[in-house]
Each structure stands twice: as structure tokens, then as C-alpha cells.
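S.K.: Below are the C-alpha cells for one structure; questions will follow.
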2 protein chains.
Amino acid sequence: MKHGRTNPASAGSAPRKPASIYDVAKRAGVSIKTVSRVINHQPNVSPPARERVMEAVMALSYRPNFFARGLASERSLLIGLLYDNPSASYLASLQIGALTQCRDEGYHLIVEELNAQNPGLADEVRALVTQSSLHGVILTPPLCDSAAVIDALIAMQVPMVRIAPERSMPSAPGVSIDDRRAAFDMTVYLIGLGHRRIGFIKGHPEHGAANARFEGYRAALKQAGISYDDQIVAQGYFSYQSGMDAAMELLSLKHRPSVIFAANDDMAAAVLAASQRFNLKLPAQLSVAGFDDSLVAQVVWPPLTTCRQPIKEMAAAAVSMLTQKPGERTVLDRRLDHELIVRQSTAPPGG
Amino acid sequence: MKHGRTNPASAGSAPRKPASIYDVAKRAGVSIKTVSRVINHQPNVSPPARERVMEAVMALSYRPNFFARGLASERSLLIGLLYDNPSASYLASLQIGALTQCRDEGYHLIVEELNAQNPGLADEVRALVTQSSLHGVILTPPLCDSAAVIDALIAMQVPMVRIAPERSMPSAPGVSIDDRRAAFDMTVYLIGLGHRRIGFIKGHPEHGAANARFEGYRAALKQAGISYDDQIVAQGYFSYQSGMDAAMELLSLKHRPSVIFAANDDMAAAVLAASQRFNLKLPAQLSVAGFDDSLVAQVVWPPLTTCRQPIKEMAAAAVSMLTQKPGERTVLDRRLDHELIVRQSTAPPGG
DNA sequence: TTGTACGCGTTATCAA
DNA sequence: TTGATAACGCGTACAA
């Protein structure tokens, strides 16, 4: 015992230091390397040795020290969730999904807010990653489309997964739903209800998903032989306020649409509010559809018809893509299913 | 140079390892201890030496390694935010506040979800803290009132701050608003509008703040000489659904209240939705007030009169309480201001 | 005021 | 299949 590294089994009530790998090794009668092998599920350990180590681990309630691990290995058990100016509910869902998956896989989640406008953005990312030896990084919109960030990460060879990226890129996989298809489905549903004059509120032009949704809307119109009318399409930015502005614009039209499809729920909620000012009876005089199925969709009146985006599942998928072994790791995009949720904000035109 | 610890200034494009404290020391012509002193703002460094070190730090864009630090010192630069089953918007606000403050102070935030019902809760907390040598933890409701967690943390001598705790405790400081007073103010405002029959929907009985709000409501009634009527008080649990149930109960009354004050915005939003089913015109036939000023308060129609709780600021305050030096650290509770926000969901009775 | 040398708890190399 | 021992990067007694 050259090192004084094992703890005396002090029976006092003092806050005893947690057991180290040396304590486990000593108790199991093996070397620390063997313990390490067992902990990390490496081969070349005889069953009896493994048995004894496991017993010692249990008895001492040993947990590998997080920092020692991070220091000794190149990559840590930390996954970074990077975001910028998110919708609160979107962020929260994302995070809960990521957290749950991290916990299952023994990782921790570290959350950092970045400013996509900051010219030093790439440096910030670099500093964050090297300093904390992040195992991998999850990029949320609009960070997922920042070339500077992506390039920096690729250069450092840090695995990343992008949530809902604008376009897919080799070596920077993403997880998303088929936004185009989802918006297409919603529009088809509205057409099926009998609507012909279908207004649309676009999302933030910097978000890839926003454009995809708009495309889906147009494609459905085209398929139904309804000509596109940019009079009833307004620019929004995913925020409630922008939705309100857009709604006021559309509802002020002489020949207003019989339904408004907004690119997210926050904006759709704003349409509901705006329609009150015009004394419109919903859904008889105006149908409204949203996108996301966030909390607000159920909280407003009438409850929103919307398209559910499995945000938690997307985040969980991102984590598990990151934690795969380098060899098995895929660089392929992952696409999850969306679901049309019909509630009471939509009805045939005229009631 | 006994250690081969300095990096050759490889000019290649290969991902060069980040500079270590040895690189900085070498370049500045001092020992690593001096560098350490400068980095950690310790005294006893001559101005010229400090100067040279700073220069080297900049030139090499040196950042202390997070894990080495955590390993070498007892406490890390990690702050844990522990929660259980939160409202999404509450969590998001909390987190953004904590994150911003952490960033300013050079800390990182690690987020973990716990299950307050889990009998092994204290062990989980212990494992988390020892494993990651958390500098301190932030406890959110209802975790902030778990005796098991608090005791475990105290025993380990890990600093904590509790957000909105039920009652104040020595050695476990909290940050909160004066919930009782806030609810009192709101009720006084409603009375001032001319209401006499004021319904109330309680919050989750396990949350301390919920009880405080109920007390404030009763106190205001009493002060105004309005007798308390438990017919128009319903039990809720802070969730939208529970608010809906409570609202249906209250609105079904023969002699229904002229205003309903719900202990949070989610439940108040449910009241709005429920009132639609009764074809009530708001706020003429029914006023509604909420609490929190969360996103939903502005998204529903009519926009909710509510009481703003500075959640972000509370989280930021919690972080800075945690990062204070042990000597200066206060064990006193911190109380922030609330604010009454009057919107369009409240009006005098009868319009 | 400054520097040397060791410890922190892992992982990993390489010889046995 | 196993184990001795060297990193990993930093903080800090202790010495100068």
C-alpha cells in the first residue's frame, strides 16, 4: 500500500469521504485496473473476480468520481444542451426529454445559453467544449443552423445532434419530424372540412422548420387545385406578439379567410385572441389551427387543433445518438412521427 | 521541466490540445502556482508577474480545465438545479434565471430530475452531490420542503437554497416572494372593484406557497368584513386539469361567485375555458384572476389579471447566494417583490 | 513574493 | 486474465 489512498472505515458520524476505486480494489482483493474493467464493462475479467468486485461496489456504495473520469479520459459523461432564446415550453420539453435519457444512460446534462448573433459564438462553443470536455452537444434551433458552430464542432471532432435543422448535412446529423409533411397533412384536413380560403401565418424565417411548414401548406393547396393567394399569408416570428400582428392583418381583410393555420401554437393562440376583438364566433365563423401541441394549445378556448411534435422523444433520441459508441454511431438523420390532433378550434366553414 | 507537460506549439491544423497551466507558466516565465494565484484572484502576486500571466492567458486562450479543478478542490464550479414534476414554464423561467447568473459567475448549471415520492430520494441526492462534488444545490418546490433531502444536504455540508419553501429554516435559506401578501393584495384589489362573492381555487396542498396564498385571500376577506364561505373555495393542484374540475364545481353553483381567483395561471386559464361552456361573458359576468404571470396569462382571452412572481430573479438570487464565499454566505432568507398585473379578465361585478 | 512537489480518482499502457 | 504505474490538469502545503 504505497498510496495512502484507502479510507479507514471511520465509524464516526463525520461526513466520511466516499469510497474510491482503491477501497473497492482492496476489499475485492484485486487491482484497481480490474475494478475499472468491471465498472466500464470491459472484457477480460474472470467471473469470480467480477463477482467480488460487484460485491465490494455494493457494500461500499461506490460511485466513480465524475471529475476524475473527466480528467483521465478525453471525453466526459457530460452532454451539453445549447440553446438561444427559446420558447419556454419548447425548451422545457426538450430538456425533460434529454434529461430522462441522460439519466438512463448515466450521463449528465449541462445547459448553456448562447447568443446566435454574437460574432464570437464559435469561440464560446470551443471554450465550452474544451473546458468541460463535453461528450457531445445538442443544438437547438436556431443554433442548429449556425455554420460557425457546426464547423467549430466538426473541427474539434465533437459529436453533435441538431434538433429540427433546416437542411440535413453529412457529419452533422439531426433529429426532426417531417415538418413539410405535417403541414401538408394539416392543410389537407382543413380542405377536407370544406375550407377553400385558408390563411397561413409563417414562422421565423431563420428557422428551417418554419419554411418546411410553409412548403407543406402550399403543396396541399396545389394538390387540391386551390390557387395560392399571398393576400392571406402573413409573416410571423413564432412569438405570440408576432402572431397577434399577423392575425390583425388577416382578419382586417375584406374577404377574410375561413380558417387560419399558424406555424406554431403561440401564434395560433394569438389568432384566437384577435378573433375576439372582431367578435367572431369560433369555430363557426373562423377556424384556427396551430402546430406543436404545446401546453397553450389545451389551455386556450376553444382548444386548438394542432399537430403534435414529439419534442421530448426528439431530445431523447438526440441523447442516445450521442451516447452510441463511436463505431456504431450513425451520421444519419433521425425522423420521428408527427400526429394530427383535432380539437374544437376547427369546423367546416360557416359552422 | 521534469514534466513533459507543455504542448509543442504545433502549427498543424490538427486539433491541438488546449493550453494547460504549464503552458501559461512557461510563456509567462513563472511557476504554475503563480498562474494559479492569478486565475483564482489570490493575493501575493507582483503586478508585473500578474501582467505577464494575463498576457499569456490571452495569447494561449487558456481556460482552466473544469475537471482538473473539480478533482483537485473539494468543491466544483457546478451548481445543481433539482426539480420534480414542475410546470414547464415555471421550470424554464427558473432555469433561464439560474443559467444567466451562473454564466456571469463562471459556474455551470447541471439539471436533474428527482422523484419526491421515491423512498431512496436522500440517497439519490447524496450520490449526485458526492459524485459531482456539487458546489451547491437549488431546490425547487416540492423538493424544497423534503426533510429527507434537506437533512442529507446539511449532513454533507453542501450549501443549498430553496425556492419558495413552505417555511423558513435555519441553515437552509430560501428565496421567495411574500405569497401571503401577494394574494392579499390581489383580493383587496378584487374587493375594491366591488366584488363580494369571491371564489378561490387552492393550489397543491404539498406546496408551501399554495397555503400562503390561501391565507392571504382569507385575511383580505376578513379585513373587509366579508365572511368566509367554503362553498366557493375549491381544491386544485396547480394543473390545468385540476383547475378545470374546480371551475366546473364553482360555476355549477346556484349562487355562483362574481369572480374566481385561482392560485396559479394554469388553473385560471382553465376557469376561462370552463366559463365558455357556461356561455358566460367575461369579464362582465365573471371576473378571473390568476397568479404567476406565466406565458399563458397573456395568451388566453381575455388576458389574465395576475400577480407577477419574478421567477428568473429568484433563481438568479439563489445562484448568487450559493456562490458567495463561505464566510460571507448568509443563511438568511431572501424575499423579492411581487407585482399586481391588471389585465382584462377582471372588472366590476355585472360589467 | 515565488516555486517545488505531491495528491485528487480515474483511465490506459504495457509487461507479466 | 491480471496488475504496477504513468498520465490527466489543477490546488496547495511547505519551503525558499
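Following the order of the C-alpha cells, first chain is A, next is B, and so on, with residues numbered from 1 inside each chain and ligands from 1 in the order they appear.
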Which residues of chain B are close to chain D, meaning at most 9 Å apart when you count only C-alpha atoms (C1' of nucleotides), and how do they look as a list in words?

M.R.: Ser20, Ile21, Tyr22, Lys33, Ser36, Pro64, Asn65, Phe66, Phe67, Ala68, Arg69, Gly70, Leu71, Ala72 and Ser73 of chain B

S.K.: Would you save the residues of that selection, restricted to C-alpha atoms, as a PDB file, in the first residue's frame?

M.R.:
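Here's the written file selection.pdb:
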ATOM      1  CA  SER B  20      -2.629  23.907 -19.788  1.00  0.00           C
ATOM      2  CA  ILE B  21      -1.500  25.846 -16.802  1.00  0.00           C
ATOM      3  CA  TYR B  22       2.040  24.694 -17.589  1.00  0.00           C
ATOM      4  CA  LYS B  33       1.480  28.372  -8.665  1.00  0.00           C
ATOM      5  CA  SER B  36      -2.947  29.653 -10.238  1.00  0.00           C
ATOM      6  CA  PRO B  64      -8.723  26.131 -16.655  1.00  0.00           C
ATOM      7  CA  ASN B  65      -9.843  22.569 -17.103  1.00  0.00           C
ATOM      8  CA  PHE B  66     -13.119  22.045 -15.451  1.00  0.00           C
ATOM      9  CA  PHE B  67     -12.484  18.501 -14.311  1.00  0.00           C
ATOM     10  CA  ALA B  68      -9.000  19.039 -13.021  1.00  0.00           C
ATOM     11  CA  ARG B  69     -10.351  21.804 -10.910  1.00  0.00           C
ATOM     12  CA  GLY B  70     -13.177  19.732  -9.619  1.00  0.00           C
ATOM     13  CA  LEU B  71     -10.830  16.911  -8.824  1.00  0.00           C
ATOM     14  CA  ALA B  72      -8.203  18.959  -7.069  1.00  0.00           C
ATOM     15  CA  SER B  73     -10.535  21.021  -4.968  1.00  0.00           C
TER      16      SER B  73
END

S.K.: Near chain C, meaning an atom within 12 Å, which residues of chain B appear when counting only C-alpha atoms (C1' of nucleotides)? Write them as a PyMOL selection string.

M.R.: chain B and resi 1-3+25+29-37+43-50+67-75+131

S.K.: How close does each residue of chain A get to chain B, giving the shortest atom pair and distance in Å to one decimal for every residue with an atom at most 8 Å away, counting only C-alpha atoms, sorted by chain and residue number, as a Markdown table?

M.R.:
| residue | atom | partner | partner_atom | distance |
| --- | --- | --- | --- | --- |
| A:Pro15 | CA | B:Met156 | CA | 6.0 |
| A:Pro18 | CA | B:Thr130 | CA | 7.1 |
| A:Arg63 | CA | B:Gln131 | CA | 6.5 |
| A:Pro64 | CA | B:Gln131 | CA | 6.9 |
| A:Asn65 | CA | B:Gln131 | CA | 5.1 |
| A:Phe66 | CA | B:Ser132 | CA | 5.4 |
| A:Phe67 | CA | B:Phe67 | CA | 4.7 |
| A:Ala68 | CA | B:Leu71 | CA | 5.9 |
| A:Gly70 | CA | B:Phe67 | CA | 5.8 |
| A:Leu71 | CA | B:Phe67 | CA | 5.3 |
| A:Ala88 | CA | B:Ala92 | CA | 5.4 |
| A:Ser89 | CA | B:Ser89 | CA | 5.7 |
| A:Leu91 | CA | B:Ala92 | CA | 6.9 |
| A:Ala92 | CA | B:Ala88 | CA | 5.4 |
| A:Ser93 | CA | B:Ala88 | CA | 7.1 |
| A:Leu99 | CA | B:Glu112 | CA | 6.9 |
| A:Thr100 | CA | B:Glu113 | CA | 7.7 |
| A:His108 | CA | B:Ile110 | CA | 7.2 |
| A:Leu109 | CA | B:Ile110 | CA | 5.9 |
| A:Ile110 | CA | B:Ile110 | CA | 4.8 |
| A:Val111 | CA | B:Leu109 | CA | 6.3 |
| A:Glu112 | CA | B:Leu99 | CA | 6.9 |
| A:Glu113 | CA | B:Leu99 | CA | 7.3 |
| A:Ala127 | CA | B:Arg63 | CA | 7.2 |
| A:Thr130 | CA | B:Pro18 | CA | 7.0 |
| A:Gln131 | CA | B:Asn65 | CA | 5.1 |
| A:Ser132 | CA | B:Phe66 | CA | 5.4 |
| A:Ala155 | CA | B:Pro15 | CA | 7.0 |
| A:Met156 | CA | B:Pro15 | CA | 6.0 |
| A:Tyr240 | CA | B:Val299 | CA | 7.2 |
| A:Asp266 | CA | B:Val299 | CA | 7.4 |
| A:Ala269 | CA | B:Val299 | CA | 6.1 |
| A:Ala270 | CA | B:Val299 | CA | 6.5 |
| A:Leu272 | CA | B:Trp301 | CA | 7.7 |
| A:Ala273 | CA | B:Trp301 | CA | 5.4 |
| A:Gln276 | CA | B:Trp301 | CA | 7.7 |
| A:Val296 | CA | B:Val296 | CA | 6.5 |
| A:Val299 | CA | B:Ala269 | CA | 6.0 |
| A:Val300 | CA | B:Val300 | CA | 5.5 |
| A:Trp301 | CA | B:Ala273 | CA | 5.4 |
| A:Pro302 | CA | B:Ala273 | CA | 7.4 |

S.K.: Rounded to one decimal in Å, what is the spacing between CA of Leu143 (chain A) and CA of Asp84 (chain A)?

M.R.: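 It comes out at 6.8 Å.
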
S.K.: Based on the backbone DSSP call, show me all residues of region 109-292 of chain A assigned alpha helix (DSSP H), as a PDB file with C-alpha atoms, in the first residue's frame.

M.R.:
ATOM      1  CA  LEU A 121     -20.061  32.449 -30.977  1.00  0.00           C
ATOM      2  CA  ALA A 122     -17.712  29.812 -32.322  1.00  0.00           C
ATOM      3  CA  ASP A 123     -15.089  30.708 -29.732  1.00  0.00           C
ATOM      4  CA  GLU A 124     -17.626  30.422 -26.985  1.00  0.00           C
ATOM      5  CA  VAL A 125     -18.551  26.993 -28.167  1.00  0.00           C
ATOM      6  CA  ARG A 126     -14.930  25.962 -28.422  1.00  0.00           C
ATOM      7  CA  ALA A 127     -14.199  27.176 -24.925  1.00  0.00           C
ATOM      8  CA  LEU A 128     -17.205  25.405 -23.541  1.00  0.00           C
ATOM      9  CA  VAL A 129     -16.346  22.128 -25.165  1.00  0.00           C
ATOM     10  CA  THR A 130     -12.651  22.022 -24.366  1.00  0.00           C
ATOM     11  CA  GLN A 131     -13.108  23.286 -20.894  1.00  0.00           C
ATOM     12  CA  SER A 132     -15.726  20.750 -19.993  1.00  0.00           C
ATOM     13  CA  ALA A 147     -22.411  27.224 -39.834  1.00  0.00           C
ATOM     14  CA  ALA A 148     -19.864  28.719 -37.454  1.00  0.00           C
ATOM     15  CA  VAL A 149     -20.929  26.481 -34.608  1.00  0.00           C
ATOM     16  CA  ILE A 150     -21.194  23.383 -36.717  1.00  0.00           C
ATOM     17  CA  ASP A 151     -17.791  23.906 -38.269  1.00  0.00           C
ATOM     18  CA  ALA A 152     -16.166  24.503 -34.917  1.00  0.00           C
ATOM     19  CA  LEU A 153     -17.669  21.307 -33.555  1.00  0.00           C
ATOM     20  CA  ILE A 154     -16.639  19.285 -36.559  1.00  0.00           C
ATOM     21  CA  ALA A 155     -13.107  20.643 -36.341  1.00  0.00           C
ATOM     22  CA  ASP A 179     -42.440  19.363 -40.983  1.00  0.00           C
ATOM     23  CA  ARG A 180     -43.376  19.661 -44.589  1.00  0.00           C
ATOM     24  CA  ARG A 181     -45.478  16.564 -44.479  1.00  0.00           C
ATOM     25  CA  ALA A 182     -47.074  17.533 -41.183  1.00  0.00           C
ATOM     26  CA  ALA A 183     -48.187  20.908 -42.503  1.00  0.00           C
ATOM     27  CA  PHE A 184     -49.347  19.178 -45.639  1.00  0.00           C
ATOM     28  CA  ASP A 185     -51.484  16.802 -43.616  1.00  0.00           C
ATOM     29  CA  MET A 186     -52.993  19.604 -41.610  1.00  0.00           C
ATOM     30  CA  THR A 187     -53.865  21.566 -44.710  1.00  0.00           C
ATOM     31  CA  VAL A 188     -55.408  18.523 -46.323  1.00  0.00           C
ATOM     32  CA  TYR A 189     -57.510  18.053 -43.219  1.00  0.00           C
ATOM     33  CA  LEU A 190     -58.724  21.648 -43.407  1.00  0.00           C
ATOM     34  CA  ILE A 191     -59.540  21.271 -47.067  1.00  0.00           C
ATOM     35  CA  GLY A 192     -61.411  18.116 -46.237  1.00  0.00           C
ATOM     36  CA  GLY A 208     -35.673  25.786 -41.075  1.00  0.00           C
ATOM     37  CA  ALA A 209     -38.821  24.117 -39.837  1.00  0.00           C
ATOM     38  CA  ALA A 210     -40.798  27.264 -40.500  1.00  0.00           C
ATOM     39  CA  ASN A 211     -40.039  27.139 -44.183  1.00  0.00           C
ATOM     40  CA  ALA A 212     -40.811  23.459 -44.414  1.00  0.00           C
ATOM     41  CA  ARG A 213     -44.210  24.033 -42.888  1.00  0.00           C
ATOM     42  CA  PHE A 214     -44.974  26.749 -45.351  1.00  0.00           C
ATOM     43  CA  GLU A 215     -43.998  24.496 -48.214  1.00  0.00           C
ATOM     44  CA  GLY A 216     -46.270  21.767 -46.951  1.00  0.00           C
ATOM     45  CA  TYR A 217     -49.151  24.211 -46.840  1.00  0.00           C
ATOM     46  CA  ARG A 218     -48.561  25.275 -50.422  1.00  0.00           C
ATOM     47  CA  ALA A 219     -48.167  21.748 -51.657  1.00  0.00           C
ATOM     48  CA  ALA A 220     -51.509  20.735 -50.195  1.00  0.00           C
ATOM     49  CA  LEU A 221     -53.255  23.686 -51.778  1.00  0.00           C
ATOM     50  CA  LYS A 222     -51.749  22.841 -55.091  1.00  0.00           C
ATOM     51  CA  GLN A 223     -52.777  19.240 -54.875  1.00  0.00           C
ATOM     52  CA  ALA A 224     -56.350  20.298 -54.159  1.00  0.00           C
ATOM     53  CA  TYR A 240     -47.300  35.424 -29.524  1.00  0.00           C
ATOM     54  CA  GLN A 241     -46.970  39.086 -30.357  1.00  0.00           C
ATOM     55  CA  SER A 242     -45.966  38.440 -33.948  1.00  0.00           C
ATOM     56  CA  GLY A 243     -48.944  36.139 -34.258  1.00  0.00           C
ATOM     57  CA  MET A 244     -51.190  38.878 -32.968  1.00  0.00           C
ATOM     58  CA  ASP A 245     -49.889  41.324 -35.551  1.00  0.00           C
ATOM     59  CA  ALA A 246     -50.320  38.813 -38.331  1.00  0.00           C
ATOM     60  CA  ALA A 247     -53.808  37.903 -37.174  1.00  0.00           C
ATOM     61  CA  MET A 248     -54.930  41.513 -37.071  1.00  0.00           C
ATOM     62  CA  GLU A 249     -53.702  41.869 -40.614  1.00  0.00           C
ATOM     63  CA  LEU A 250     -55.536  38.830 -41.880  1.00  0.00           C
ATOM     64  CA  LEU A 251     -58.751  39.471 -40.013  1.00  0.00           C
ATOM     65  CA  ASP A 265     -49.380  27.249 -31.235  1.00  0.00           C
ATOM     66  CA  ASP A 266     -48.292  30.514 -29.684  1.00  0.00           C
ATOM     67  CA  MET A 267     -49.255  32.350 -32.827  1.00  0.00           C
ATOM     68  CA  ALA A 268     -52.450  30.361 -33.152  1.00  0.00           C
ATOM     69  CA  ALA A 269     -53.358  31.395 -29.630  1.00  0.00           C
ATOM     70  CA  ALA A 270     -52.875  34.976 -30.716  1.00  0.00           C
ATOM     71  CA  VAL A 271     -55.303  34.402 -33.572  1.00  0.00           C
ATOM     72  CA  LEU A 272     -57.889  33.236 -31.070  1.00  0.00           C
ATOM     73  CA  ALA A 273     -57.375  36.342 -29.024  1.00  0.00           C
ATOM     74  CA  ALA A 274     -57.525  38.604 -32.057  1.00  0.00           C
ATOM     75  CA  SER A 275     -60.727  36.995 -33.258  1.00  0.00           C
ATOM     76  CA  GLN A 276     -62.366  38.051 -30.015  1.00  0.00           C
ATOM     77  CA  ARG A 277     -61.763  41.646 -30.935  1.00  0.00           C
TER      78      ARG A 277
END

S.K.: Within 10 Å of Ile341 (chain A), counting only C-alpha atoms (C1' of nucleotides), which residues show up once you throw out same-chain ones fewer than 2 positions away? Write them as a PDB file with N, CA and C atoms, in the first residue's frame, please.

M.R.:
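The new file out.pdb reads:
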ATOM      1  N   MET A 186     -52.061  18.686 -42.260  1.00  0.00           N
ATOM      2  CA  MET A 186     -52.993  19.604 -41.610  1.00  0.00           C
ATOM      3  C   MET A 186     -53.824  20.347 -42.657  1.00  0.00           C
ATOM      4  N   ALA A 289     -55.967  26.700 -36.631  1.00  0.00           N
ATOM      5  CA  ALA A 289     -55.124  25.527 -36.407  1.00  0.00           C
ATOM      6  C   ALA A 289     -53.718  25.972 -36.029  1.00  0.00           C
ATOM      7  N   GLY A 290     -53.087  25.200 -35.168  1.00  0.00           N
ATOM      8  CA  GLY A 290     -51.732  25.543 -34.727  1.00  0.00           C
ATOM      9  C   GLY A 290     -50.749  24.440 -35.071  1.00  0.00           C
ATOM     10  N   PHE A 291     -49.629  24.472 -34.370  1.00  0.00           N
ATOM     11  CA  PHE A 291     -48.589  23.476 -34.626  1.00  0.00           C
ATOM     12  C   PHE A 291     -47.706  23.364 -33.388  1.00  0.00           C
ATOM     13  N   ASP A 292     -47.460  22.162 -32.938  1.00  0.00           N
ATOM     14  CA  ASP A 292     -46.572  21.834 -31.809  1.00  0.00           C
ATOM     15  C   ASP A 292     -47.265  20.981 -30.754  1.00  0.00           C
ATOM     16  N   ASP A 293     -48.558  21.316 -30.505  1.00  0.00           N
ATOM     17  CA  ASP A 293     -49.266  20.761 -29.366  1.00  0.00           C
ATOM     18  C   ASP A 293     -48.547  21.079 -28.063  1.00  0.00           C
ATOM     19  N   LEU A 304     -57.052  24.088 -29.246  1.00  0.00           N
ATOM     20  CA  LEU A 304     -56.534  24.145 -30.619  1.00  0.00           C
ATOM     21  C   LEU A 304     -56.399  22.799 -31.303  1.00  0.00           C
ATOM     22  N   THR A 305     -56.867  22.753 -32.512  1.00  0.00           N
ATOM     23  CA  THR A 305     -56.468  21.688 -33.419  1.00  0.00           C
ATOM     24  C   THR A 305     -55.022  21.980 -33.808  1.00  0.00           C
ATOM     25  N   THR A 306     -54.186  20.983 -33.698  1.00  0.00           N
ATOM     26  CA  THR A 306     -52.765  21.251 -33.897  1.00  0.00           C
ATOM     27  C   THR A 306     -52.053  19.989 -34.355  1.00  0.00           C
ATOM     28  N   CYS A 307     -50.781  20.107 -34.550  1.00  0.00           N
ATOM     29  CA  CYS A 307     -50.002  18.957 -34.966  1.00  0.00           C
ATOM     30  C   CYS A 307     -48.977  18.670 -33.885  1.00  0.00           C
ATOM     31  N   ARG A 308     -49.080  17.505 -33.299  1.00  0.00           N
ATOM     32  CA  ARG A 308     -48.189  17.191 -32.208  1.00  0.00           C
ATOM     33  C   ARG A 308     -46.788  16.859 -32.707  1.00  0.00           C
ATOM     34  N   HIS A 338     -45.099  12.598 -36.540  1.00  0.00           N
ATOM     35  CA  HIS A 338     -45.967  13.648 -36.015  1.00  0.00           C
ATOM     36  C   HIS A 338     -47.385  13.079 -35.916  1.00  0.00           C
ATOM     37  N   GLU A 339     -48.269  13.877 -35.352  1.00  0.00           N
ATOM     38  CA  GLU A 339     -49.638  13.392 -35.187  1.00  0.00           C
ATOM     39  C   GLU A 339     -50.606  14.562 -35.233  1.00  0.00           C
ATOM     40  N   ARG A 343     -58.975  19.212 -32.283  1.00  0.00           N
ATOM     41  CA  ARG A 343     -59.743  19.666 -31.120  1.00  0.00           C
ATOM     42  C   ARG A 343     -60.882  20.552 -31.613  1.00  0.00           C
ATOM     43  N   GLN A 344     -61.275  21.503 -30.826  1.00  0.00           N
ATOM     44  CA  GLN A 344     -62.514  22.206 -31.158  1.00  0.00           C
ATOM     45  C   GLN A 344     -62.336  23.537 -31.883  1.00  0.00           C
TER      46      GLN A 344
END

S.K.: Kindly give the distance, in Å, that separates CA of Ser345 (chain A) and CA of Ile198 (chain A), rounded to a single decimal.

M.R.: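 Between these atoms lies a distance of 14.1 Å.
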